[in-house]
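Enquirer: Below is the file upload.txt, with compact mmCIF, C-alpha atoms and all ligand atoms.
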```
# COMPACT_ATOMS: atom_id res chain seq x y z
CA MET A 172 -22.52 -10.41 -14.09
CA ALA A 173 -26.07 -10.39 -15.15
CA HIS A 174 -27.83 -7.54 -16.86
CA ASP A 175 -31.43 -8.36 -15.98
CA LEU A 176 -33.35 -7.31 -12.91
CA GLY A 177 -34.56 -10.89 -12.55
CA ASP A 178 -30.97 -12.08 -12.05
CA ILE A 179 -30.11 -9.77 -9.15
CA LEU A 180 -29.48 -11.77 -5.99
CA GLY A 181 -30.59 -11.05 -2.47
CA GLN A 182 -31.91 -7.47 -2.85
CA THR A 183 -35.62 -8.21 -2.49
CA HIS A 184 -36.64 -4.87 -1.05
CA ALA A 185 -34.72 -2.73 -3.56
CA LEU A 186 -36.10 -4.79 -6.45
CA GLU A 187 -39.66 -4.58 -5.18
CA GLN A 188 -39.38 -0.80 -5.17
CA LEU A 189 -37.97 -0.70 -8.70
CA HIS A 190 -40.51 -3.18 -10.07
CA ALA A 191 -43.39 -1.22 -8.52
CA MET A 192 -42.18 1.96 -10.23
CA LEU A 193 -41.68 0.23 -13.58
CA ALA A 194 -45.10 -1.45 -13.41
CA ALA A 195 -46.82 1.85 -12.60
CA ASP A 196 -44.75 3.58 -15.29
CA ARG A 197 -43.71 6.12 -12.69
CA VAL A 198 -39.95 5.84 -12.68
CA HIS A 199 -38.18 8.66 -10.89
CA HIS A 200 -35.60 10.55 -12.96
CA GLY A 201 -32.92 10.58 -10.31
CA PHE A 202 -31.82 7.70 -8.08
CA VAL A 203 -29.35 7.16 -5.31
CA PHE A 204 -28.48 3.46 -4.99
CA HIS A 205 -26.76 3.25 -1.62
CA GLY A 206 -25.45 0.46 0.58
CA PRO A 207 -22.29 -1.57 1.24
CA ALA A 208 -19.76 -2.16 -1.54
CA GLY A 209 -20.09 -5.28 -3.66
CA VAL A 210 -23.73 -6.16 -3.01
CA GLY A 211 -25.08 -5.49 -6.50
CA LYS A 212 -25.81 -1.75 -6.69
CA PHE A 213 -23.93 -1.19 -9.96
CA THR A 214 -25.23 -4.43 -11.47
CA THR A 215 -28.77 -3.40 -10.59
CA ALA A 216 -28.20 0.04 -12.10
CA LEU A 217 -27.13 -1.63 -15.36
CA ALA A 218 -30.16 -3.94 -15.28
CA LEU A 219 -32.50 -1.01 -14.66
CA ALA A 220 -30.83 0.84 -17.53
CA LYS A 221 -31.38 -2.14 -19.83
CA THR A 222 -35.08 -2.22 -18.89
CA LEU A 223 -35.51 1.55 -19.31
CA LEU A 224 -33.74 1.60 -22.69
CA CYS A 225 -35.48 -1.50 -24.08
CA HIS A 226 -37.56 -0.76 -27.19
CA GLU A 227 -40.18 -3.40 -26.42
CA PRO A 228 -40.33 -4.11 -22.68
CA SER A 229 -42.84 -6.78 -21.76
CA THR A 230 -44.91 -7.43 -18.64
CA THR A 231 -44.74 -10.85 -16.99
CA LEU A 232 -47.73 -12.73 -15.55
CA THR A 233 -46.76 -11.42 -12.12
CA GLY A 234 -46.85 -7.86 -13.41
CA GLN A 235 -43.12 -7.22 -13.61
CA VAL A 236 -41.76 -5.15 -16.47
CA GLU A 237 -38.80 -6.82 -18.17
CA ALA A 238 -36.38 -5.95 -20.94
CA CYS A 239 -37.20 -8.03 -24.04
CA GLY A 240 -33.63 -9.23 -24.55
CA ARG A 241 -34.00 -9.16 -28.35
CA CYS A 242 -34.34 -5.56 -29.51
CA ARG A 243 -31.53 -3.46 -30.95
CA SER A 244 -30.94 -1.88 -27.53
CA CYS A 245 -31.05 -5.10 -25.46
CA ARG A 246 -28.56 -6.78 -27.79
CA LEU A 247 -25.97 -4.17 -26.82
CA PHE A 248 -26.04 -5.46 -23.22
CA LYS A 249 -23.67 -8.37 -23.64
CA PRO A 250 -22.38 -10.10 -20.52
CA PRO A 251 -18.77 -9.12 -19.82
CA ALA A 252 -15.90 -11.53 -20.39
CA GLU A 253 -15.00 -13.66 -17.37
CA ASP A 254 -11.47 -12.29 -17.13
CA ASP A 255 -12.90 -8.83 -16.56
CA ALA A 256 -14.51 -10.17 -13.44
CA ASP A 257 -12.95 -7.79 -10.97
CA ASP A 258 -13.47 -4.76 -13.10
CA PRO A 259 -17.17 -3.95 -12.95
CA LEU A 260 -16.47 -0.63 -14.64
CA ARG A 261 -15.98 -1.87 -18.14
CA PRO A 262 -19.07 -0.18 -19.47
CA VAL A 263 -21.58 -1.66 -21.83
CA SER A 264 -21.13 -0.02 -25.18
CA HIS A 265 -24.54 1.54 -25.79
CA PRO A 266 -24.92 5.03 -27.24
CA ASP A 267 -27.62 6.00 -24.73
CA LEU A 268 -26.05 4.49 -21.64
CA HIS A 269 -23.42 6.75 -20.12
CA VAL A 270 -21.36 5.33 -17.27
CA VAL A 271 -19.44 8.01 -15.42
CA THR A 272 -16.49 6.83 -13.34
CA LYS A 273 -13.39 8.47 -11.95
CA GLU A 274 -11.44 6.55 -14.63
CA LEU A 275 -13.05 8.71 -17.33
CA SER A 276 -10.77 11.59 -16.43
CA ARG A 277 -7.97 9.82 -18.26
CA PHE A 278 -9.87 10.29 -21.52
CA SER A 279 -10.52 13.97 -20.97
CA ASP A 280 -9.70 16.47 -23.72
CA ASP A 281 -8.14 18.61 -21.03
CA ALA A 282 -4.54 17.63 -20.23
CA ASN A 283 -4.85 19.00 -16.69
CA VAL A 284 -7.79 16.73 -15.99
CA ARG A 285 -5.97 13.76 -17.56
CA GLN A 286 -3.01 14.15 -15.27
CA ARG A 287 -4.93 14.48 -12.02
CA LYS A 288 -4.91 11.50 -9.69
CA LEU A 289 -8.01 9.36 -9.78
CA THR A 290 -9.28 10.13 -6.33
CA ASN A 291 -12.32 12.11 -7.39
CA ILE A 292 -14.69 12.64 -10.28
CA PRO A 293 -13.74 16.09 -11.57
CA VAL A 294 -16.49 18.53 -12.42
CA ASP A 295 -15.13 18.73 -16.00
CA VAL A 296 -15.76 14.98 -16.40
CA LEU A 297 -19.33 15.46 -15.19
CA ARG A 298 -19.87 18.29 -17.67
CA GLU A 299 -18.35 16.31 -20.54
CA HIS A 300 -20.03 12.96 -19.86
CA LEU A 301 -23.28 13.78 -18.07
CA ILE A 302 -24.50 17.36 -17.96
CA GLY A 303 -23.72 18.00 -21.65
CA PRO A 304 -25.06 14.75 -23.14
CA ALA A 305 -28.15 14.86 -20.88
CA PHE A 306 -29.45 17.74 -22.98
CA ARG A 307 -28.70 16.14 -26.34
CA SER A 308 -31.22 13.80 -27.90
CA ALA A 309 -31.01 10.03 -27.50
CA GLN A 310 -29.53 8.04 -30.40
CA HIS A 311 -32.18 5.31 -30.25
CA ALA A 312 -35.04 7.66 -29.33
CA HIS A 313 -35.78 5.48 -26.30
CA GLY A 314 -34.33 7.58 -23.51
CA LYS A 315 -30.91 7.97 -21.96
CA VAL A 316 -29.49 6.57 -18.74
CA PHE A 317 -26.53 7.98 -16.82
CA ILE A 318 -24.89 5.93 -14.08
CA VAL A 319 -22.34 7.62 -11.82
CA ASP A 320 -20.33 4.94 -10.04
CA GLU A 321 -18.70 5.85 -6.72
CA ALA A 322 -20.80 9.02 -6.81
CA GLU A 323 -19.40 10.12 -3.44
CA LEU A 324 -16.19 10.95 -5.34
CA MET A 325 -17.93 13.96 -6.88
CA ARG A 326 -16.68 16.94 -4.93
CA ARG A 327 -19.03 19.66 -3.73
CA GLU A 328 -18.43 21.67 -6.92
CA GLY A 329 -19.38 18.70 -9.09
CA GLN A 330 -22.44 17.88 -7.02
CA ASN A 331 -23.60 21.47 -7.22
CA ALA A 332 -23.09 21.46 -10.98
CA LEU A 333 -25.30 18.38 -11.21
CA LEU A 334 -28.18 19.81 -9.17
CA LYS A 335 -29.98 21.56 -11.97
CA THR A 336 -29.89 18.51 -14.26
CA LEU A 337 -31.23 16.36 -11.43
CA GLU A 338 -34.00 18.80 -10.72
CA GLU A 339 -35.28 19.20 -14.25
CA PRO A 340 -33.87 16.44 -16.41
CA PRO A 341 -34.94 16.41 -20.07
CA ASP A 342 -37.71 13.90 -20.84
CA GLY A 343 -36.65 10.27 -20.82
CA THR A 344 -33.38 11.00 -19.03
CA PHE A 345 -32.52 8.96 -15.96
CA ILE A 346 -29.61 9.51 -13.60
CA ILE A 347 -28.52 6.79 -11.15
CA LEU A 348 -25.95 7.71 -8.51
CA VAL A 349 -24.31 4.60 -7.06
CA THR A 350 -22.54 5.01 -3.74
CA SER A 351 -21.34 3.14 -0.66
CA SER A 352 -20.90 6.45 1.22
CA GLU A 353 -24.22 8.19 0.83
CA GLU A 354 -23.40 10.63 3.63
CA ARG A 355 -20.85 12.24 1.31
CA LEU A 356 -23.58 13.34 -1.09
CA LEU A 357 -25.03 16.79 -0.45
CA PRO A 358 -28.48 16.80 1.18
CA THR A 359 -29.70 18.78 -1.83
CA ILE A 360 -28.62 15.90 -4.11
CA ARG A 361 -30.23 13.25 -1.92
CA SER A 362 -33.49 15.13 -1.62
CA ARG A 363 -33.86 15.34 -5.40
CA CYS A 364 -33.41 11.61 -5.85
CA GLN A 365 -35.35 8.46 -5.09
CA ARG A 366 -33.16 6.63 -2.58
CA ILE A 367 -32.93 2.86 -2.90
CA ALA A 368 -31.21 0.97 -0.08
CA PHE A 369 -29.11 -2.11 -0.77
CA VAL A 370 -28.25 -4.51 2.06
CA PRO A 371 -25.56 -7.14 2.74
CA LEU A 372 -26.40 -10.38 0.95
CA PRO A 373 -27.63 -13.45 2.86
CA GLU A 374 -24.90 -15.96 3.71
CA ASP A 375 -26.29 -18.72 1.45
CA VAL A 376 -26.03 -16.41 -1.57
CA VAL A 377 -22.36 -15.77 -0.79
CA THR A 378 -21.64 -19.45 -0.08
CA HIS A 379 -23.21 -20.43 -3.38
CA TYR A 380 -21.16 -17.81 -5.21
CA VAL A 381 -17.91 -19.01 -3.60
CA LYS A 382 -18.69 -22.64 -4.47
CA GLN A 383 -19.39 -21.69 -8.06
CA HIS A 384 -16.29 -19.55 -8.52
CA ALA A 385 -13.80 -21.61 -6.54
CA PRO A 386 -14.98 -25.22 -6.66
CA LYS A 387 -11.58 -26.52 -5.59
CA LEU A 388 -11.41 -24.60 -2.33
CA ASP A 389 -11.55 -26.82 0.76
CA ASP A 390 -14.28 -26.33 3.36
CA PRO A 391 -12.37 -24.23 5.91
CA ALA A 392 -11.08 -21.90 3.19
CA ARG A 393 -14.57 -21.59 1.71
CA GLN A 394 -16.01 -20.78 5.12
CA TRP A 395 -13.30 -18.22 5.64
CA VAL A 396 -14.00 -16.50 2.30
CA THR A 397 -17.71 -16.42 3.12
CA ARG A 398 -16.97 -14.89 6.52
CA PHE A 399 -14.59 -12.35 5.00
CA ALA A 400 -17.16 -11.46 2.32
CA ASP A 401 -19.50 -10.26 5.06
CA GLY A 402 -22.47 -10.25 2.71
CA SER A 403 -20.63 -8.77 -0.27
CA LEU A 404 -19.96 -10.68 -3.49
CA GLY A 405 -17.45 -7.95 -4.36
CA ARG A 406 -15.42 -8.85 -1.27
CA ALA A 407 -15.74 -12.57 -1.98
CA GLN A 408 -14.49 -11.95 -5.51
CA LEU A 409 -11.59 -9.87 -4.26
CA ALA A 410 -10.61 -12.57 -1.75
CA LEU A 411 -10.67 -15.24 -4.47
CA ASN A 412 -9.07 -13.26 -7.30
CA ARG A 413 -6.36 -11.73 -5.15
CA GLY A 414 -5.45 -14.86 -3.20
CA LEU A 415 -6.41 -13.50 0.19
CA THR A 416 -6.89 -17.04 1.48
CA ALA A 417 -3.08 -17.19 1.51
CA TRP A 418 -3.06 -14.13 3.78
CA ALA A 419 -5.48 -15.85 6.10
CA ASP A 420 -3.36 -19.03 6.06
CA ALA A 421 -0.35 -17.03 7.19
CA LEU A 422 -1.89 -14.52 9.58
CA LEU A 423 -4.51 -16.48 11.47
CA PRO A 424 -2.08 -19.09 12.86
CA ALA A 425 0.17 -16.18 13.90
CA LEU A 426 -2.69 -14.79 16.00
CA GLU A 427 -3.05 -18.25 17.56
CA GLN A 428 0.65 -18.26 18.44
CA LEU A 429 0.49 -14.81 20.00
CA ALA A 430 -2.53 -15.86 22.06
CA SER A 431 -0.62 -18.85 23.42
CA GLY A 432 2.25 -16.62 24.50
CA ARG A 433 4.71 -17.31 21.71
CA ALA A 434 6.40 -14.45 19.89
CA VAL A 435 6.02 -14.04 16.13
CA PRO A 436 8.92 -11.71 15.33
CA GLU A 437 8.41 -11.83 11.55
CA LEU A 438 4.72 -10.87 11.67
CA GLY A 439 5.07 -7.15 10.88
CA GLU A 440 7.47 -7.67 8.01
CA GLN A 441 5.40 -10.51 6.59
CA ALA A 442 2.22 -8.40 6.66
CA ALA A 443 3.96 -5.46 4.98
CA GLU A 444 5.31 -7.80 2.29
CA GLN A 445 1.87 -9.25 1.57
CA VAL A 446 0.37 -5.79 1.20
CA ASP A 447 3.26 -4.67 -0.98
CA LYS A 448 2.96 -7.68 -3.30
CA PHE A 449 -0.77 -7.17 -3.55
CA ALA A 450 -0.26 -3.48 -4.43
CA GLU A 451 2.35 -4.23 -7.09
CA GLN A 452 0.05 -6.69 -8.82
CA TRP A 453 -2.87 -4.30 -8.50
CA VAL A 454 -0.93 -1.52 -10.21
CA LYS A 455 0.03 -3.93 -13.02
CA ASP A 456 -3.63 -4.90 -13.54
CA HIS A 457 -5.09 -1.39 -13.33
CA ALA A 458 -3.45 0.91 -15.82
CA ASN A 459 -4.08 4.14 -14.00
CA ALA A 460 -3.80 3.11 -10.35
CA SER A 461 -1.10 4.67 -8.18
CA LYS A 462 1.10 2.48 -5.98
CA GLU A 463 0.21 4.65 -3.02
CA ALA A 464 -3.52 4.11 -3.48
CA ALA A 465 -2.97 0.38 -4.06
CA ASN A 466 -0.94 0.16 -0.84
CA LYS A 467 -3.82 1.76 1.03
CA LEU A 468 -6.30 -0.65 -0.51
CA GLY A 469 -4.10 -3.62 0.43
CA ALA A 470 -3.65 -2.32 3.97
CA ALA A 471 -7.40 -1.81 4.30
CA LEU A 472 -7.92 -5.44 3.23
CA LEU A 473 -5.40 -6.60 5.79
CA ALA A 474 -7.12 -4.58 8.52
CA SER A 475 -10.46 -5.89 7.39
CA LEU A 476 -9.22 -9.49 7.49
CA LEU A 477 -8.14 -9.02 11.11
CA THR A 478 -11.35 -7.25 12.10
CA VAL A 479 -13.51 -9.97 10.58
CA GLU A 480 -11.52 -12.61 12.45
CA ALA A 481 -11.74 -10.70 15.74
CA ARG A 482 -15.51 -10.28 15.37
CA HIS A 483 -15.85 -13.98 14.65
CA ARG A 484 -13.80 -14.84 17.76
CA LEU A 485 -15.82 -12.42 19.89
CA ALA A 486 -19.04 -14.07 18.80
CA GLN A 487 -17.65 -17.55 19.51
CA THR A 488 -16.24 -16.48 22.88
CA ALA A 489 -19.43 -14.75 23.95
CA GLN A 490 -21.28 -18.04 23.51
CA ARG A 491 -18.83 -19.92 25.71
CA VAL A 492 -18.70 -17.47 28.61
CA PRO A 493 -20.86 -18.73 31.48
CA ALA A 494 -23.81 -16.47 32.18
CA GLY A 495 -23.55 -14.46 35.38
CA ASP A 496 -19.76 -14.26 35.38
CA PRO A 497 -19.01 -10.79 33.99
CA LEU A 498 -15.35 -10.90 35.04
CA ALA A 499 -14.65 -14.10 33.13
CA GLY A 500 -16.54 -12.57 30.22
CA ASP A 501 -14.37 -9.44 30.15
CA ALA A 502 -11.17 -11.44 30.40
CA ALA A 503 -12.16 -13.71 27.53
CA LEU A 504 -13.37 -10.94 25.25
CA SER A 505 -10.77 -8.27 25.82
CA PRO A 506 -7.96 -9.79 23.67
CA TRP A 507 -10.18 -9.72 20.58
CA LEU A 508 -11.46 -6.25 21.36
CA GLY A 509 -7.77 -5.36 21.54
CA VAL A 510 -7.23 -6.80 18.06
CA ILE A 511 -9.98 -4.54 16.69
CA GLU A 512 -8.37 -1.53 18.38
CA ALA A 513 -4.99 -2.53 16.94
CA THR A 514 -6.39 -2.60 13.40
CA GLN A 515 -8.03 0.80 13.92
CA ALA A 516 -4.73 2.27 15.08
CA PHE A 517 -3.07 0.73 12.00
CA GLY A 518 -5.61 2.45 9.76
CA GLN A 519 -5.04 5.78 11.50
CA ARG A 520 -1.25 5.54 11.11
CA LEU A 521 -1.60 4.84 7.39
CA GLY A 522 -4.13 7.66 7.11
CA SER A 523 -1.55 10.05 8.51
CA ASN A 524 0.95 8.75 5.96
CA VAL A 525 3.21 6.65 8.17
CA ASN A 526 5.01 4.32 5.77
CA LEU A 527 3.70 0.82 5.33
CA LYS A 528 6.60 -1.05 6.96
CA LEU A 529 6.49 1.09 10.09
CA ALA A 530 2.73 0.90 10.32
CA ALA A 531 2.83 -2.90 9.94
CA ALA A 532 5.52 -3.17 12.65
CA GLY A 533 3.29 -1.09 14.93
CA LEU A 534 0.35 -3.33 14.11
CA ALA A 535 2.34 -6.47 14.95
CA ALA A 536 3.39 -4.99 18.30
CA ASP A 537 -0.18 -3.95 19.13
CA LEU A 538 -1.52 -7.39 18.21
CA ALA A 539 1.07 -9.08 20.41
CA ALA A 540 0.16 -6.79 23.31
CA ALA A 541 -3.55 -7.38 22.86
CA LEU A 542 -3.32 -11.17 22.63
CA ARG A 543 -0.55 -11.79 25.20
CA PRO A 544 -1.97 -14.15 27.81
CA THR A 545 -2.24 -12.69 31.30
CA PRO A 546 -0.22 -14.74 33.79
CA THR A 547 -2.53 -16.69 36.08
CA PRO A 548 -2.03 -15.56 39.71
CA ALA A 549 -0.16 -18.18 41.75
ZN ZN A 601 -35.34 -4.92 -25.56
```
Have the structure of the file written as structure tokens, please.
Ligand SMILES: [Zn+2]
Expert:
Amino acid sequence: MAHDLGDILGQTHALEQLHAMLAADRVHHGFVFHGPAGVGKFTTALALAKTLLCHEPSTTLTGQVEACGRCRSCRLFKPPAEDDADDPLRPVSHPDLHVVTKELSRFSDDANVRQRKLTNIPVDVLREHLIGPAFRSAQHAHGKVFIVDEAELMRREGQNALLKTLEEPPDGTFIILVTSSEERLLPTIRSRCQRIAFVPLPEDVVTHYVKQHAPKLDDPARQWVTRFADGSLGRAQLALNRGLTAWADALLPALEQLASGRAVPELGEQAAEQVDKFAEQWVKDHANASKEAANKLGAALLASLLTVEARHRLAQTAQRVPAGDPLAGDAALSPWLGVIEATQAFGQRLGSNVNLKLAAAGLAADLAAALRPTPTPA
């Protein structure tokens, strides 16, 4: 992960906006970086922080302001170790860069806050790590930057507590809210911030990333990871680090079998097992994660894998359907629309706390029903 604005991939429009502000020396004090997960919002926030905190920023020939890379502040932005790759939250250790995440609650002085589940950013964490320090002076006398990752996890109370600081931040204090669910931020928060939109990355950027990080992957697997990534390096990374290609290897042929009229009785159990194994490993790798939350994450990945495949098949099928034959079109498309519906129903069952095994069995039954070939009339 890079820490310089010049290294951010595929976010031309967002970067143009930031560079224009830096060049004009009119950087807003509050930002909302919004857009899909895993497309570089947090990385860009870190790079902007590095530029803002730099003691001797320079201007390039093309007029872009850049961090010098040599000063006392820049030297604190070391690239993270490779094995931390799927944990973008390991913060840079810089006295004037404050990264606020839901994980911070485990370091709270307050035992009640420590014991709460990490599903939101408690208001006490915001007070301790943002609102309080925002009004203390910077250690390097070159400003302070606060990044709130997954900012949508601030509840209404927390967001309200932040309003005043966002409205009148002390001089040289910048607050960047990073979120993939901007609609969960209060309108009063959004209206006080400069909103910067991040978009899915172009396919060639993702392909290049996959080639670099998994040079041994064969072509079909690489294409599958790129498709699954759907413009997000975060998703590509997850697929590679968590062995999701093995899920695809097992599940996609099963869909084929169902579509050709053969039963796959083990499908539900197999899917539940994959999710369960994923969740167990996830809990081992993330000290404070709950098994329940990890199960949900695994199930969401499974649903997403199926949805991506169905969308791909729909696009392929739509190209093959002869123009002017709407009936043939409907017949060819409806199985894959059915797969999408099946994954939505799966998500709803898990959302209403049906256990994983049952939900996966339901999913398998729905998939079989959706893909079962209709008998051709004699
Ligand atoms: Zn510097």
Enquirer: What are the closest atom pairs, with distances in Å to one decimal, for each residue of chain A lying within 10 Å of ligand ZN 601 (chain A), using all atoms listed in the file, rows by chain and rising residue number, as JSON lines?
Expert:
```
{"residue": "A:Lys221", "atom": "CA", "partner": "A:ZN601", "partner_atom": "ZN", "distance": 7.5}
{"residue": "A:Thr222", "atom": "CA", "partner": "A:ZN601", "partner_atom": "ZN", "distance": 7.2}
{"residue": "A:Leu223", "atom": "CA", "partner": "A:ZN601", "partner_atom": "ZN", "distance": 9.0}
{"residue": "A:Leu224", "atom": "CA", "partner": "A:ZN601", "partner_atom": "ZN", "distance": 7.3}
{"residue": "A:Cys225", "atom": "CA", "partner": "A:ZN601", "partner_atom": "ZN", "distance": 3.7}
{"residue": "A:His226", "atom": "CA", "partner": "A:ZN601", "partner_atom": "ZN", "distance": 5.0}
{"residue": "A:Glu227", "atom": "CA", "partner": "A:ZN601", "partner_atom": "ZN", "distance": 5.1}
{"residue": "A:Pro228", "atom": "CA", "partner": "A:ZN601", "partner_atom": "ZN", "distance": 5.8}
{"residue": "A:Ser229", "atom": "CA", "partner": "A:ZN601", "partner_atom": "ZN", "distance": 8.6}
{"residue": "A:Glu237", "atom": "CA", "partner": "A:ZN601", "partner_atom": "ZN", "distance": 8.4}
{"residue": "A:Ala238", "atom": "CA", "partner": "A:ZN601", "partner_atom": "ZN", "distance": 4.8}
{"residue": "A:Cys239", "atom": "CA", "partner": "A:ZN601", "partner_atom": "ZN", "distance": 3.9}
{"residue": "A:Gly240", "atom": "CA", "partner": "A:ZN601", "partner_atom": "ZN", "distance": 4.7}
{"residue": "A:Arg241", "atom": "CA", "partner": "A:ZN601", "partner_atom": "ZN", "distance": 5.2}
{"residue": "A:Cys242", "atom": "CA", "partner": "A:ZN601", "partner_atom": "ZN", "distance": 4.1}
{"residue": "A:Arg243", "atom": "CA", "partner": "A:ZN601", "partner_atom": "ZN", "distance": 6.8}
{"residue": "A:Ser244", "atom": "CA", "partner": "A:ZN601", "partner_atom": "ZN", "distance": 5.7}
{"residue": "A:Cys245", "atom": "CA", "partner": "A:ZN601", "partner_atom": "ZN", "distance": 4.3}
{"residue": "A:Arg246", "atom": "CA", "partner": "A:ZN601", "partner_atom": "ZN", "distance": 7.4}
{"residue": "A:Leu247", "atom": "CA", "partner": "A:ZN601", "partner_atom": "ZN", "distance": 9.5}
{"residue": "A:Phe248", "atom": "CA", "partner": "A:ZN601", "partner_atom": "ZN", "distance": 9.6}
```
Enquirer: Would you mind listing what lies within 9 Å of A:Leu521 as a PDB file with C-alpha atoms, in the frame of the given file, with only C-alpha atoms counted and same-chain residues fewer than 6 positions away left out?
Expert:
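around24.pdb, freshly written:
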```pdb
ATOM      1  CA  LYS A 467      -3.820   1.760   1.030  1.00  0.00           C
ATOM      2  CA  ALA A 470      -3.650  -2.320   3.970  1.00  0.00           C
ATOM      3  CA  LEU A 527       3.700   0.820   5.330  1.00  0.00           C
ATOM      4  CA  ALA A 530       2.730   0.900  10.320  1.00  0.00           C
TER       5      ALA A 530
END
```
Enquirer: Report, in Å to a single decimal, how far apart atom CA of A:Leu186 and atom CA of A:Val370 are.
Expert: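 Pair atom CA of A:Val370 / atom CA of A:Leu186 returns 11.6 Å.
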Enquirer: So, with all atoms listed in the file as the atoms that count, which of A:Gln408, A:Thr514, A:Thr272, A:Thr378 lies closest to A:Leu348?
Expert: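 Closest residue, counting all atoms listed in the file: A:Thr272.
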Enquirer: Using only C-alpha atoms, collect all residues at a distance of at most 8 Å from (-20.9, 3.6, -7.7) as written in the file, then present them as a list in words.
Expert: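 I get Lys212, Phe213, Thr272, Ile318, Val319, Asp320, Glu321, Ala322, Glu323, Leu348, Val349, Thr350 and Ser351 of chain A for the residues within 8 Å of that point.
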Enquirer: I want to know what sits within 9 Å of A:Ala535, based on only C-alpha atoms, with residues of the same chain fewer than 2 positions away left out; could you give that as a PyMOL selection string?
Expert: chain A and resi 435-440+442+513+530-533+537-540
Enquirer: Do you know which residues are at most 9 Å from A:Leu426 counting all atoms listed in the file, after dropping those on the same chain fewer than 2 positions away, and could you put them as JSON, numbers by chain?
Expert: {"A": [422, 423, 424, 428, 429, 430, 431, 435, 538, 539, 542]}
